[in-house]
file coords.txt (compact mmCIF, C-alpha atoms and all ligand atoms)
# COMPACT_ATOMS: atom_id res chain seq x y z
CA MET A 1 -26.33 14.66 19.53
CA VAL A 2 -23.32 17.05 19.64
CA THR A 3 -23.29 19.69 16.89
CA ARG A 4 -19.79 20.08 15.48
CA THR A 5 -18.21 22.63 13.18
CA VAL A 6 -16.64 21.49 9.92
CA GLN A 7 -13.19 22.10 11.47
CA GLU A 8 -14.01 19.86 14.40
CA LYS A 9 -15.31 17.17 12.08
CA LEU A 10 -12.19 17.48 9.96
CA ALA A 11 -9.97 17.01 13.01
CA ILE A 12 -11.83 13.85 14.03
CA LEU A 13 -12.33 12.33 10.60
CA SER A 14 -8.87 12.96 9.20
CA ASP A 15 -7.35 11.55 12.38
CA ALA A 16 -9.62 8.50 12.11
CA ALA A 17 -8.45 7.93 8.52
CA LYS A 18 -4.76 7.76 9.44
CA TYR A 19 -5.07 4.03 10.16
CA ASP A 20 -5.79 3.44 6.50
CA ALA A 21 -2.51 2.79 4.71
CA SER A 22 -3.86 2.65 1.17
CA CYS A 23 -3.37 6.18 -0.04
CA ALA A 24 -0.75 6.06 -2.79
CA SER A 25 -2.07 7.58 -5.97
CA SER A 26 0.09 6.53 -8.86
CA GLY A 27 -0.71 5.02 -12.19
CA THR A 28 -3.98 6.63 -13.19
CA SER A 29 -4.79 7.96 -16.67
CA LYS A 30 -3.87 11.47 -17.76
CA ARG A 31 -6.64 14.02 -17.44
CA ASN A 32 -6.50 17.79 -17.27
CA SER A 33 -8.54 20.96 -17.30
CA LEU A 34 -6.26 23.06 -19.51
CA ASP A 35 -9.14 23.42 -21.97
CA GLY A 36 -10.78 25.72 -19.41
CA LYS A 37 -13.46 23.20 -18.50
CA GLY A 38 -13.45 22.05 -14.90
CA LEU A 39 -10.44 22.18 -12.62
CA GLY A 40 -7.62 19.96 -11.49
CA SER A 41 -5.55 17.41 -13.31
CA THR A 42 -3.84 14.09 -12.92
CA GLU A 43 -0.55 12.97 -14.37
CA GLY A 44 -0.11 9.59 -16.03
CA SER A 45 3.14 9.25 -14.14
CA GLY A 46 1.38 9.63 -10.79
CA ILE A 47 0.62 12.32 -8.30
CA CYS A 48 3.30 13.55 -5.90
CA HIS A 49 3.17 12.34 -2.34
CA ALA A 50 4.04 13.85 0.98
CA TYR A 51 4.65 11.64 4.00
CA ALA A 52 3.81 12.16 7.61
CA PRO A 53 6.55 11.45 10.16
CA ASP A 54 5.25 7.89 10.58
CA GLY A 55 5.73 7.31 6.86
CA ARG A 56 2.13 7.55 5.75
CA CYS A 57 1.11 9.45 2.66
CA ILE A 58 -0.70 12.73 3.24
CA SER A 59 -0.85 14.36 -0.19
CA LEU A 60 -4.51 13.52 -0.62
CA LEU A 61 -7.30 14.88 1.48
CA LYS A 62 -7.62 11.64 3.37
CA ILE A 63 -10.77 11.47 5.43
CA LEU A 64 -13.58 9.29 6.57
CA MET A 65 -17.06 10.41 5.61
CA THR A 66 -17.97 9.27 9.11
CA ASN A 67 -16.40 7.29 11.92
CA PHE A 68 -19.77 6.12 13.17
CA CYS A 69 -19.97 2.42 12.42
CA ILE A 70 -22.50 -0.32 13.07
CA TYR A 71 -19.84 -3.07 12.75
CA ASP A 72 -17.60 -4.25 15.55
CA CYS A 73 -14.22 -5.23 14.07
CA SER A 74 -11.99 -5.83 17.10
CA TYR A 75 -8.89 -4.19 15.61
CA CYS A 76 -10.63 -0.97 14.59
CA VAL A 77 -10.75 2.19 16.66
CA ASN A 78 -14.07 3.12 15.04
CA ARG A 79 -15.92 -0.09 15.90
CA VAL A 80 -19.37 0.37 17.42
CA SER A 81 -18.20 -0.65 20.89
CA SER A 82 -15.28 1.82 20.93
CA ASN A 83 -15.49 4.93 23.02
CA VAL A 84 -14.17 7.56 20.60
CA ASP A 85 -15.38 11.00 19.50
CA ARG A 86 -17.68 10.58 16.54
CA ALA A 87 -18.52 12.86 13.66
CA ARG A 88 -20.14 12.74 10.26
CA PHE A 89 -19.67 14.91 7.20
CA SER A 90 -22.57 15.70 4.91
CA VAL A 91 -22.12 15.14 1.18
CA ASP A 92 -21.82 18.89 0.59
CA GLU A 93 -19.22 19.33 3.32
CA VAL A 94 -16.86 16.77 1.78
CA VAL A 95 -17.36 18.30 -1.67
CA SER A 96 -16.64 21.85 -0.54
CA LEU A 97 -13.64 20.81 1.59
CA THR A 98 -12.12 18.98 -1.37
CA ILE A 99 -12.62 21.91 -3.72
CA GLU A 100 -11.37 24.48 -1.19
CA PHE A 101 -8.25 22.45 -0.39
CA TYR A 102 -7.58 21.81 -4.04
CA ARG A 103 -7.87 25.49 -4.94
CA ARG A 104 -5.43 26.37 -2.17
CA ASN A 105 -3.03 23.78 -3.49
CA TYR A 106 -3.05 21.80 -0.24
CA ILE A 107 -3.99 18.55 -1.92
CA GLU A 108 -3.99 16.83 -5.25
CA GLY A 109 -6.93 14.56 -4.72
CA LEU A 110 -9.28 12.83 -2.35
CA PHE A 111 -9.04 9.57 -0.47
CA LEU A 112 -12.43 8.78 0.96
CA SER A 113 -13.35 5.95 3.26
CA SER A 114 -16.13 5.54 5.79
CA GLY A 115 -17.52 3.63 8.70
CA ILE A 116 -20.81 1.92 7.93
CA ILE A 117 -23.89 3.87 8.88
CA ARG A 118 -27.45 2.52 8.66
CA SER A 119 -26.56 -0.02 5.96
CA PRO A 120 -23.77 -0.74 3.44
CA ASP A 121 -26.00 0.57 0.61
CA ASP A 122 -26.84 3.84 2.40
CA THR A 123 -23.18 4.45 3.15
CA MET A 124 -21.97 3.64 -0.34
CA LEU A 125 -24.73 5.76 -1.86
CA ASP A 126 -23.56 8.83 0.11
CA MET A 127 -19.96 8.20 -0.96
CA VAL A 128 -21.03 7.91 -4.59
CA ARG A 129 -23.06 11.13 -4.23
CA ILE A 130 -19.90 12.92 -3.10
CA VAL A 131 -17.88 11.73 -6.07
CA ARG A 132 -20.76 12.31 -8.50
CA LYS A 133 -21.08 15.89 -7.31
CA LEU A 134 -17.34 16.50 -7.48
CA ARG A 135 -17.09 15.17 -11.02
CA HIS A 136 -20.36 16.35 -12.54
CA GLU A 137 -21.22 19.58 -10.73
CA GLU A 138 -17.77 20.88 -9.73
CA GLY A 139 -15.89 19.57 -12.76
CA PHE A 140 -13.24 18.12 -10.43
CA LYS A 141 -10.68 16.17 -12.43
CA GLY A 142 -8.20 15.45 -9.66
CA TYR A 143 -7.43 12.01 -8.31
CA ILE A 144 -10.07 10.15 -6.31
CA HIS A 145 -9.49 6.95 -4.41
CA LEU A 146 -12.69 5.49 -3.02
CA LYS A 147 -12.75 2.81 -0.38
CA THR A 148 -15.53 0.49 -1.44
CA ILE A 149 -17.98 -1.29 0.81
CA PRO A 150 -18.11 -4.88 -0.43
CA ASP A 151 -21.68 -5.66 0.60
CA ALA A 152 -23.09 -2.59 -1.19
CA ALA A 153 -25.26 -3.02 -4.30
CA PRO A 154 -23.31 -3.86 -7.49
CA GLU A 155 -24.74 -0.83 -9.34
CA LEU A 156 -23.28 1.50 -6.69
CA ILE A 157 -19.86 -0.13 -7.02
CA GLU A 158 -20.21 0.14 -10.80
CA GLU A 159 -20.88 3.88 -10.57
CA ALA A 160 -18.07 4.32 -8.05
CA GLY A 161 -15.67 2.69 -10.53
CA ARG A 162 -16.75 4.96 -13.39
CA LEU A 163 -16.24 8.09 -11.28
CA SER A 164 -13.08 7.22 -9.32
CA ASP A 165 -9.48 6.63 -10.27
CA ARG A 166 -8.90 3.83 -7.85
CA LEU A 167 -11.19 1.53 -5.90
CA SER A 168 -10.10 -0.50 -2.96
CA ILE A 169 -11.70 -3.10 -0.80
CA ASN A 170 -9.97 -4.24 2.34
CA VAL A 171 -9.42 -7.96 2.80
CA GLU A 172 -8.87 -6.90 6.43
CA LEU A 173 -6.77 -9.78 7.80
CA PRO A 174 -4.44 -12.42 6.35
CA THR A 175 -6.79 -15.42 6.74
CA ASP A 176 -10.52 -16.09 6.57
CA HIS A 177 -10.22 -17.62 10.01
CA ALA A 178 -8.87 -14.35 11.43
CA VAL A 179 -11.64 -12.35 9.73
CA ALA A 180 -14.26 -14.66 11.28
CA ALA A 181 -12.66 -14.18 14.71
CA TYR A 182 -12.01 -10.42 14.64
CA ALA A 183 -14.40 -8.95 12.05
CA PRO A 184 -17.41 -11.26 12.29
CA GLU A 185 -19.70 -9.07 10.16
CA LYS A 186 -17.29 -9.19 7.20
CA LYS A 187 -17.52 -11.99 4.67
CA PRO A 188 -14.20 -12.88 2.99
CA GLY A 189 -15.92 -14.75 0.15
CA GLN A 190 -18.01 -11.71 -0.70
CA ILE A 191 -14.98 -9.41 -0.50
CA ARG A 192 -13.14 -11.60 -3.00
CA GLU A 193 -16.21 -11.83 -5.23
CA VAL A 194 -16.40 -8.03 -5.51
CA MET A 195 -12.66 -7.82 -6.14
CA GLY A 196 -13.14 -10.32 -8.94
CA ARG A 197 -16.01 -8.25 -10.39
CA ILE A 198 -13.89 -5.10 -10.30
CA ARG A 199 -11.08 -6.89 -12.09
CA ALA A 200 -13.45 -8.22 -14.76
CA ARG A 201 -15.16 -4.85 -15.17
CA LYS A 202 -11.83 -3.08 -15.52
CA GLN A 203 -10.71 -5.59 -18.14
CA ALA A 204 -14.01 -5.16 -20.03
CA GLY A 205 -13.39 -1.40 -20.04
CA LYS A 206 -10.30 -1.96 -22.20
CA ASP A 207 -12.15 -3.85 -24.95
CA LYS A 208 -13.70 -1.93 -27.84
CA THR A 209 -17.40 -2.33 -28.55
CA HIS A 210 -18.66 -3.58 -31.95
CA THR A 211 -18.93 0.08 -33.08
CA GLY A 212 -15.21 0.53 -32.38
CA LYS A 213 -15.75 2.75 -29.34
CA ARG A 214 -14.24 2.11 -25.98
CA PRO A 215 -16.63 1.87 -23.03
CA PRO A 216 -16.25 4.47 -20.26
CA LYS A 217 -13.12 4.04 -18.18
CA PHE A 218 -13.46 2.05 -15.02
CA ALA A 219 -11.09 2.66 -12.09
CA PRO A 220 -8.17 3.55 -14.40
CA ALA A 221 -5.66 3.43 -11.52
CA GLY A 222 -6.82 -0.09 -10.68
CA GLN A 223 -7.72 -1.60 -7.36
CA SER A 224 -5.81 -2.16 -4.16
CA THR A 225 -6.44 -3.71 -0.80
CA GLN A 226 -5.22 -3.51 2.75
CA MET A 227 -4.37 -6.09 5.38
CA ILE A 228 -4.05 -5.32 9.06
CA ILE A 229 -0.82 -6.78 10.36
CA GLY A 230 -0.25 -7.89 13.92
CA ALA A 231 -3.88 -8.03 15.05
CA ASP A 232 -3.97 -11.82 14.70
CA GLY A 233 -1.30 -14.47 15.07
CA SER A 234 -0.48 -14.92 11.35
CA ASN A 235 3.22 -15.09 10.59
CA ASP A 236 4.86 -13.23 7.69
CA ALA A 237 4.81 -16.31 5.44
CA THR A 238 1.00 -16.39 5.76
CA VAL A 239 0.71 -12.64 5.15
CA LEU A 240 2.92 -12.69 2.06
CA GLY A 241 1.30 -15.90 0.77
CA GLN A 242 -2.08 -14.20 0.93
CA SER A 243 -0.83 -11.07 -0.82
CA THR A 244 0.83 -13.16 -3.57
CA ARG A 245 -2.52 -14.85 -4.25
CA LEU A 246 -4.33 -11.51 -4.24
CA TYR A 247 -1.89 -9.91 -6.69
CA SER A 248 -2.27 -12.73 -9.16
CA SER A 249 -6.03 -13.33 -8.78
CA TYR A 250 -7.20 -9.72 -8.93
CA LYS A 251 -4.36 -7.88 -10.71
CA LEU A 252 -4.02 -5.57 -7.72
CA LYS A 253 -1.87 -2.48 -7.95
CA ARG A 254 -0.88 -2.72 -4.32
CA VAL A 255 -1.46 -4.68 -1.18
CA TYR A 256 -1.03 -2.27 1.72
CA TYR A 257 0.10 -3.56 5.07
CA SER A 258 -1.22 -1.57 7.98
CA ALA A 259 0.44 -2.18 11.30
CA PHE A 260 -2.13 -2.80 13.96
CA SER A 261 -2.03 0.00 16.51
CA PRO A 262 -3.11 -0.88 20.01
CA ILE A 263 -6.52 0.57 20.69
CA PRO A 264 -6.74 2.90 23.68
CA ASP A 265 -9.91 1.16 24.85
CA ALA A 266 -8.55 -1.91 26.65
CA SER A 267 -11.76 -3.89 26.10
CA ALA A 268 -10.37 -5.20 22.80
CA LYS A 269 -7.82 -7.82 23.81
CA LEU A 270 -5.73 -8.68 20.79
CA PRO A 271 -2.27 -10.19 20.58
CA LEU A 272 0.43 -7.61 19.84
CA ILE A 273 3.28 -9.82 18.79
CA ARG A 274 6.12 -7.97 17.07
CA PRO A 275 7.12 -4.28 16.71
CA PRO A 276 4.37 -3.26 14.27
CA LEU A 277 5.93 -0.48 12.17
CA GLN A 278 9.23 -2.33 11.71
CA ARG A 279 7.29 -5.42 10.67
CA GLU A 280 5.19 -3.39 8.23
CA HIS A 281 8.40 -1.99 6.70
CA ARG A 282 9.97 -5.44 6.24
CA LEU A 283 6.75 -6.76 4.68
CA TYR A 284 6.81 -3.97 2.08
CA GLN A 285 10.44 -4.83 1.27
CA ALA A 286 9.60 -8.53 0.91
CA ASP A 287 6.52 -7.73 -1.18
CA TRP A 288 8.79 -5.73 -3.52
CA LEU A 289 11.28 -8.60 -3.83
CA LEU A 290 8.48 -11.01 -4.73
CA ARG A 291 7.04 -8.72 -7.40
CA PHE A 292 10.11 -7.18 -9.02
CA TYR A 293 13.22 -9.17 -8.07
CA GLY A 294 12.29 -12.73 -9.02
CA PHE A 295 12.28 -14.15 -5.48
CA GLU A 296 9.94 -17.00 -4.57
CA LEU A 297 7.90 -16.78 -1.38
CA GLY A 298 9.65 -19.76 0.26
CA GLU A 299 13.08 -18.25 -0.37
CA ILE A 300 12.23 -15.12 1.58
CA THR A 301 10.20 -16.60 4.39
CA GLY A 302 12.35 -19.76 4.68
CA VAL A 303 15.32 -17.82 6.07
CA THR A 304 13.98 -18.06 9.62
CA ALA A 305 12.50 -21.12 11.31
CA ASP A 306 9.22 -19.45 12.29
CA GLY A 307 8.33 -18.02 8.85
CA ASN A 308 8.75 -14.43 10.05
CA LEU A 309 11.04 -11.91 8.42
CA ASP A 310 14.19 -10.87 10.22
CA LEU A 311 13.35 -7.47 11.70
CA GLU A 312 16.97 -6.36 12.12
CA ILE A 313 18.08 -6.62 8.49
CA ASP A 314 16.26 -6.35 5.17
CA PRO A 315 14.94 -9.57 3.60
CA LYS A 316 17.33 -9.57 0.63
CA LEU A 317 20.34 -9.23 2.89
CA ALA A 318 18.94 -11.94 5.18
CA TRP A 319 18.61 -14.26 2.17
CA ALA A 320 22.12 -13.47 0.88
CA LEU A 321 23.71 -14.11 4.28
CA GLU A 322 22.07 -17.55 4.31
CA HIS A 323 23.30 -18.27 0.77
CA ARG A 324 26.86 -17.02 0.90
CA GLY A 325 28.02 -19.99 -1.18
CA LEU A 326 26.45 -18.27 -4.24
CA PHE A 327 28.65 -15.18 -3.71
CA PRO A 328 30.75 -13.24 -4.51
CA LEU A 329 29.37 -12.51 -7.99
CA ASP A 330 31.45 -10.93 -10.73
CA VAL A 331 29.43 -7.87 -11.83
CA ASN A 332 30.98 -8.16 -15.29
CA THR A 333 29.63 -11.65 -15.98
CA ALA A 334 26.78 -12.47 -13.56
CA SER A 335 23.28 -12.97 -14.93
CA ARG A 336 20.58 -10.32 -14.42
CA GLU A 337 18.66 -12.75 -12.18
CA MET A 338 21.64 -13.13 -9.84
CA LEU A 339 22.58 -9.43 -9.88
CA LEU A 340 19.05 -8.67 -8.67
CA ARG A 341 19.84 -10.80 -5.62
CA VAL A 342 22.83 -8.74 -4.56
CA PRO A 343 22.05 -6.69 -1.41
CA GLY A 344 22.37 -3.00 -2.22
CA PHE A 345 21.55 -3.41 -5.94
CA GLY A 346 18.16 -2.11 -7.10
CA VAL A 347 16.44 -2.86 -10.41
CA LYS A 348 17.76 0.35 -12.00
CA THR A 349 21.32 -0.33 -10.83
CA VAL A 350 21.19 -3.78 -12.40
CA GLN A 351 19.86 -2.30 -15.67
CA ARG A 352 22.73 0.20 -15.69
CA ILE A 353 25.31 -2.51 -14.97
CA ILE A 354 24.04 -4.67 -17.82
CA GLY A 355 23.83 -1.72 -20.21
CA THR A 356 27.33 -0.45 -19.42
CA ARG A 357 29.15 -3.76 -19.42
CA ARG A 358 28.14 -4.30 -23.06
CA THR A 359 30.65 -1.65 -24.00
CA ARG A 360 33.29 -1.78 -21.29
CA THR A 361 34.49 -3.60 -18.21
CA LEU A 362 33.10 -2.32 -14.93
CA ARG A 363 35.33 -1.09 -12.15
CA TYR A 364 34.32 -1.02 -8.50
CA GLU A 365 34.14 2.81 -8.49
CA ASP A 366 31.61 2.73 -11.37
CA LEU A 367 29.02 1.03 -9.16
CA THR A 368 28.44 4.01 -6.85
CA ARG A 369 27.55 6.17 -9.86
CA MET A 370 25.10 3.48 -10.92
CA GLY A 371 23.19 3.82 -7.66
CA ALA A 372 24.56 0.78 -5.80
CA SER A 373 24.80 0.83 -2.03
CA LEU A 374 28.31 -0.54 -1.72
CA LYS A 375 28.18 -0.70 2.04
CA LYS A 376 25.81 -3.63 1.57
CA ALA A 377 27.00 -4.95 -1.81
CA ARG A 378 30.77 -5.04 -1.28
CA ALA A 379 30.80 -8.37 0.58
CA PHE A 380 28.87 -10.05 -2.24
CA ILE A 381 30.58 -8.88 -5.45
CA THR A 382 33.81 -8.70 -7.36
CA ALA A 383 34.71 -6.08 -9.98
CA VAL A 384 37.89 -4.70 -11.51
CA GLY A 385 39.72 -3.17 -8.56
CA TRP A 386 37.76 -5.04 -5.87
CA THR A 387 37.55 -8.49 -4.34
CA PRO A 388 35.97 -9.06 -0.93
CA GLY A 389 38.57 -11.65 0.12
CA GLY A 390 37.39 -13.36 3.30
CA LEU A 391 34.66 -10.78 3.93
CA THR A 392 31.90 -12.84 2.27
CA ASP A 393 32.37 -15.73 4.68
CA SER A 394 33.42 -13.80 7.74
CA ALA A 395 31.65 -14.76 10.96
CA ASN A 396 30.80 -11.18 11.89
CA LEU A 397 29.32 -10.12 8.53
CA ARG A 398 25.76 -10.03 9.83
CA ALA A 399 26.86 -7.93 12.81
CA ARG A 400 28.14 -5.28 10.39
CA PHE A 401 24.58 -4.66 9.22
CA ALA A 402 22.39 -5.45 12.21
CA PRO A 403 21.83 -2.65 14.71
CA PRO A 404 23.96 -2.96 17.86
CA PRO A 405 22.25 -4.68 20.78
CA GLU A 406 20.59 -2.25 23.20
CA GLN A 407 21.33 -2.18 26.88
CA LEU A 408 18.00 -2.89 28.60
CA SER A 409 17.04 -0.55 31.39
CA LEU A 410 16.73 -2.07 34.83
CA LEU A 411 14.06 0.45 35.80
S1 LIG A 501 -16.45 -1.82 9.18
FE1 LIG A 501 -14.60 -0.57 8.92
S2 LIG A 501 -14.94 1.23 10.20
FE2 LIG A 501 -16.44 -0.30 10.84
S3 LIG A 501 -15.49 -1.35 12.57
FE3 LIG A 501 -15.00 -2.54 10.74
S4 LIG A 501 -13.01 -1.75 10.00
FE4 LIG A 501 -13.88 -0.25 11.47
call {"tool": "encode", "arguments": {"input": "coords.txt", "output": "structure tokens"}}
result
Amino acid sequence: MVTRTVQEKLAILSDAAKYDASCASSGTSKRNSLDGKGLGSTEGSGICHAYAPDGRCISLLKILMTNFCIYDCSYCVNRVSSNVDRARFSVDEVVSLTIEFYRRNYIEGLFLSSGIIRSPDDTMLDMVRIVRKLRHEEGFKGYIHLKTIPDAAPELIEEAGRLSDRLSINVELPTDHAVAAYAPEKKPGQIREVMGRIRARKQAGKDKTHTGKRPPKFAPAGQSTQMIIGADGSNDATVLGQSTRLYSSYKLKRVYYSAFSPIPDASAKLPLIRPPLQREHRLYQADWLLRFYGFELGEITGVTADGNLDLEIDPKLAWALEHRGLFPLDVNTASREMLLRVPGFGVKTVQRIIGTRRTRTLRYEDLTRMGASLKKARAFITAVGWTPGGLTDSANLRARFAPPPEQLSLL
């Protein structure tokens, strides 16, 4: 077996982790080391993020413990049948890298995932050892997000939850059928069972015991999951339907959508259907509309005949263009529910509109100061000093927003 330096392992195992989208670190409980004990801190308002050019978060030390794996998920570059460079960190190596990087201010926490080596229990035990050592021996109080292996022993998942800020378990693909086809060793029922246990355990952690004490915190930043998008033939309605069920069943903080990247090894033949990163972006926008803007799933995915989101324009704009009869809205009288449906208005803009119009009548110029994107909103609203006239119903309105068609190369 090749002997690698820690730097070489880091290059391989941080690169291997880039396919994991679930790295946001907000919403944990406040903890600090200002009392001189331990090091590091978290903020209740969330840890800052940095983003790589492809939009992924890199503020955490985001690594795999190993990219060796005994499973053979077709969409995964680390599957056992893939011909990639392999490496494995020891427990001590991950601990000292985390501490060194933290001290140098490179990172604010750790995101740790792993391929499965020997068995799910052995793998999870090593991951728990890392976190245990960081917390108990190094006094590390920074953020830790641990990717959990669903078929590991419940007591290991229990300990992982007590030591980490966030746990996540990947549901992998949008349907059980797709999981059976592309990740045959994974069991969707078991994945959901563990997600249910984490939810129940987290809830139990909020209740006081009969002595009035609270039990130890369990995954204070909650749980999240990830779905690979574009590796199977599921349309966006299926993807968003699955995430809607997951949010409500398991009180998830986030469902992350990870665009399937074609694997260099051509032996894995999977359908690559739509531009993956653009699709991922539109799914996040639609997910946001479903959770915070009062949209129903069918409203967003019913805009197109095939249940896929329009890739050229954002889903709220696509919906508004299909429902022009409801517009233009008078910003001085429209309900909050309808204002949230105006393209270019965010939740904060709507709050500001409602707050301000209690005391005075809004003019068109006021809306820019309130954070509205008038380039999008102007066709859908009226205000003092503005009426869109025929713009709302104009035949070329969509063309104003959609990117111009590209001339295809003949070569
Ligand atoms: S278990 Fe995880 S690391 Fe292993 S092949 Fe499947 S997705 Fe990849």
call {"tool": "closest_residue", "arguments": {"input": "coords.txt", "among": "A:Arg166, A:Arg129, A:Lys186, A:Arg398", "to": "ligand LIG 501 (chain A)", "atoms": "only C-alpha atoms and all ligand atoms"}}
result
A:Lys186
call {"tool": "residues_near_ligand", "arguments": {"input": "coords.txt", "ligand": "ligand LIG 501 (chain A)", "cutoff": "9 Å", "atoms": "all atoms listed in the file", "output": "compact mmCIF listing (two decimals) with C-alpha atoms, in the frame of the given file"}}
result
# COMPACT_ATOMS: atom_id res chain seq x y z
CA LEU A 64 -13.58 9.29 6.57
CA THR A 66 -17.97 9.27 9.11
CA ASN A 67 -16.40 7.29 11.92
CA PHE A 68 -19.77 6.12 13.17
CA CYS A 69 -19.97 2.42 12.42
CA ILE A 70 -22.50 -0.32 13.07
CA TYR A 71 -19.84 -3.07 12.75
CA ASP A 72 -17.60 -4.25 15.55
CA CYS A 73 -14.22 -5.23 14.07
CA SER A 74 -11.99 -5.83 17.10
CA TYR A 75 -8.89 -4.19 15.61
CA CYS A 76 -10.63 -0.97 14.59
CA VAL A 77 -10.75 2.19 16.66
CA ASN A 78 -14.07 3.12 15.04
CA ARG A 79 -15.92 -0.09 15.90
CA VAL A 80 -19.37 0.37 17.42
CA SER A 81 -18.20 -0.65 20.89
CA SER A 82 -15.28 1.82 20.93
CA SER A 113 -13.35 5.95 3.26
CA SER A 114 -16.13 5.54 5.79
CA GLY A 115 -17.52 3.63 8.70
CA ILE A 116 -20.81 1.92 7.93
CA ILE A 117 -23.89 3.87 8.88
CA ILE A 149 -17.98 -1.29 0.81
CA ASN A 170 -9.97 -4.24 2.34
CA GLU A 172 -8.87 -6.90 6.43
CA ALA A 183 -14.40 -8.95 12.05
CA GLU A 185 -19.70 -9.07 10.16
CA LYS A 186 -17.29 -9.19 7.20
call {"tool": "closest_residue", "arguments": {"input": "coords.txt", "among": "A:Thr304, A:Asn332, A:Gln203, A:Ser168", "to": "Ala237 (chain A)", "atoms": "all atoms listed in the file"}}
result
A:Thr304
call {"tool": "residues_around", "arguments": {"input": "coords.txt", "residues": "region 18-22 of chain A", "least_positions_apart": "5", "cutoff": "10 Å", "atoms": "all atoms listed in the file", "output": "count of residues only"}}
result
31
call {"tool": "closest_residue", "arguments": {"input": "coords.txt", "among": "A:Tyr364, A:Lys133, A:Glu280, A:Gly222", "to": "Asp92 (chain A)", "atoms": "only C-alpha atoms"}}
result
A:Lys133
call {"tool": "closest_residue", "arguments": {"input": "coords.txt", "among": "A:Asp366, A:Asp236, A:Leu321, A:Tyr247", "to": "Gln285 (chain A)", "atoms": "all atoms listed in the file"}}
result
A:Asp236
call {"tool": "closest_residue", "arguments": {"input": "coords.txt", "among": "A:Asp306, A:Asp121, A:Asp176, A:Glu137", "to": "Ala153 (chain A)", "atoms": "all atoms listed in the file"}}
result
A:Asp121
call {"tool": "residues_around", "arguments": {"input": "coords.txt", "residues": "Gly390 (chain A)", "least_positions_apart": "4", "cutoff": "10 Å", "atoms": "only C-alpha atoms", "output": "ChimeraX atom specification"}}
result
/A:379,394-395
call {"tool": "atom_distance", "arguments": {"input": "coords.txt", "atom1": "CA of Lys141 (chain A)", "atom2": "CA of Ala87 (chain A)"}}
result
27.4 Å
call {"tool": "atom_distance", "arguments": {"input": "coords.txt", "atom1": "CA of Leu167 (chain A)", "atom2": "CA of Arg132 (chain A)"}}
result
14.6 Å
call {"tool": "closest_residue", "arguments": {"input": "coords.txt", "among": "A:Pro216, A:Val84, A:Asp15, A:Gly205", "to": "Met65 (chain A)", "atoms": "all atoms listed in the file"}}
result
A:Asp15
call {"tool": "atom_distance", "arguments": {"input": "coords.txt", "atom1": "CA of Arg369 (chain A)", "atom2": "CA of Gly346 (chain A)"}}
result
12.8 Å
call {"tool": "residues_around", "arguments": {"input": "coords.txt", "residues": "Pro275 (chain A)", "least_positions_apart": "5", "cutoff": "12 Å", "atoms": "only C-alpha atoms", "output": "list in words"}}
result
Ile229, Gly230, Ala231, Ala259, Phe260, Ser261, Pro262, Glu280, His281, Arg282, Leu309, Asp310, Leu311 and Glu312 of chain A
call {"tool": "decode", "arguments": {"input": "coords.txt", "residues": "region 319-326 of chain A", "atoms": "N, CA, C and O atoms", "output": "short mmCIF file (atom, residue, chain, number, x, y, z; two decimals), in the first residue's frame"}}
result
data_model
loop_
_atom_site.label_atom_id
_atom_site.label_comp_id
_atom_site.auth_asym_id
_atom_site.auth_seq_id
_atom_site.Cartn_x
_atom_site.Cartn_y
_atom_site.Cartn_z
N TRP A 319 -43.62 31.58 -12.32
CA TRP A 319 -45.01 31.49 -11.85
C TRP A 319 -45.76 32.79 -12.16
O TRP A 319 -46.89 32.76 -12.65
N ALA A 320 -45.15 33.93 -11.89
CA ALA A 320 -45.83 35.22 -12.10
C ALA A 320 -46.17 35.42 -13.58
O ALA A 320 -47.24 35.92 -13.92
N LEU A 321 -45.26 35.03 -14.46
CA LEU A 321 -45.53 35.20 -15.90
C LEU A 321 -46.72 34.35 -16.34
O LEU A 321 -47.45 34.72 -17.25
N GLU A 322 -46.91 33.21 -15.67
CA GLU A 322 -48.05 32.35 -16.01
C GLU A 322 -49.34 32.82 -15.35
O GLU A 322 -50.40 32.29 -15.64
N HIS A 323 -49.23 33.75 -14.40
CA HIS A 323 -50.41 34.22 -13.67
C HIS A 323 -50.51 35.75 -13.75
O HIS A 323 -50.79 36.42 -12.76
N ARG A 324 -50.33 36.27 -14.92
CA ARG A 324 -50.30 37.73 -15.07
C ARG A 324 -51.62 38.38 -14.72
O ARG A 324 -51.68 39.55 -14.37
N GLY A 325 -52.72 37.59 -14.82
CA GLY A 325 -54.04 38.13 -14.49
C GLY A 325 -54.12 38.61 -13.04
O GLY A 325 -54.99 39.41 -12.70
N LEU A 326 -53.25 38.10 -12.17
CA LEU A 326 -53.27 38.51 -10.75
C LEU A 326 -52.52 39.82 -10.52
O LEU A 326 -52.51 40.36 -9.42
#
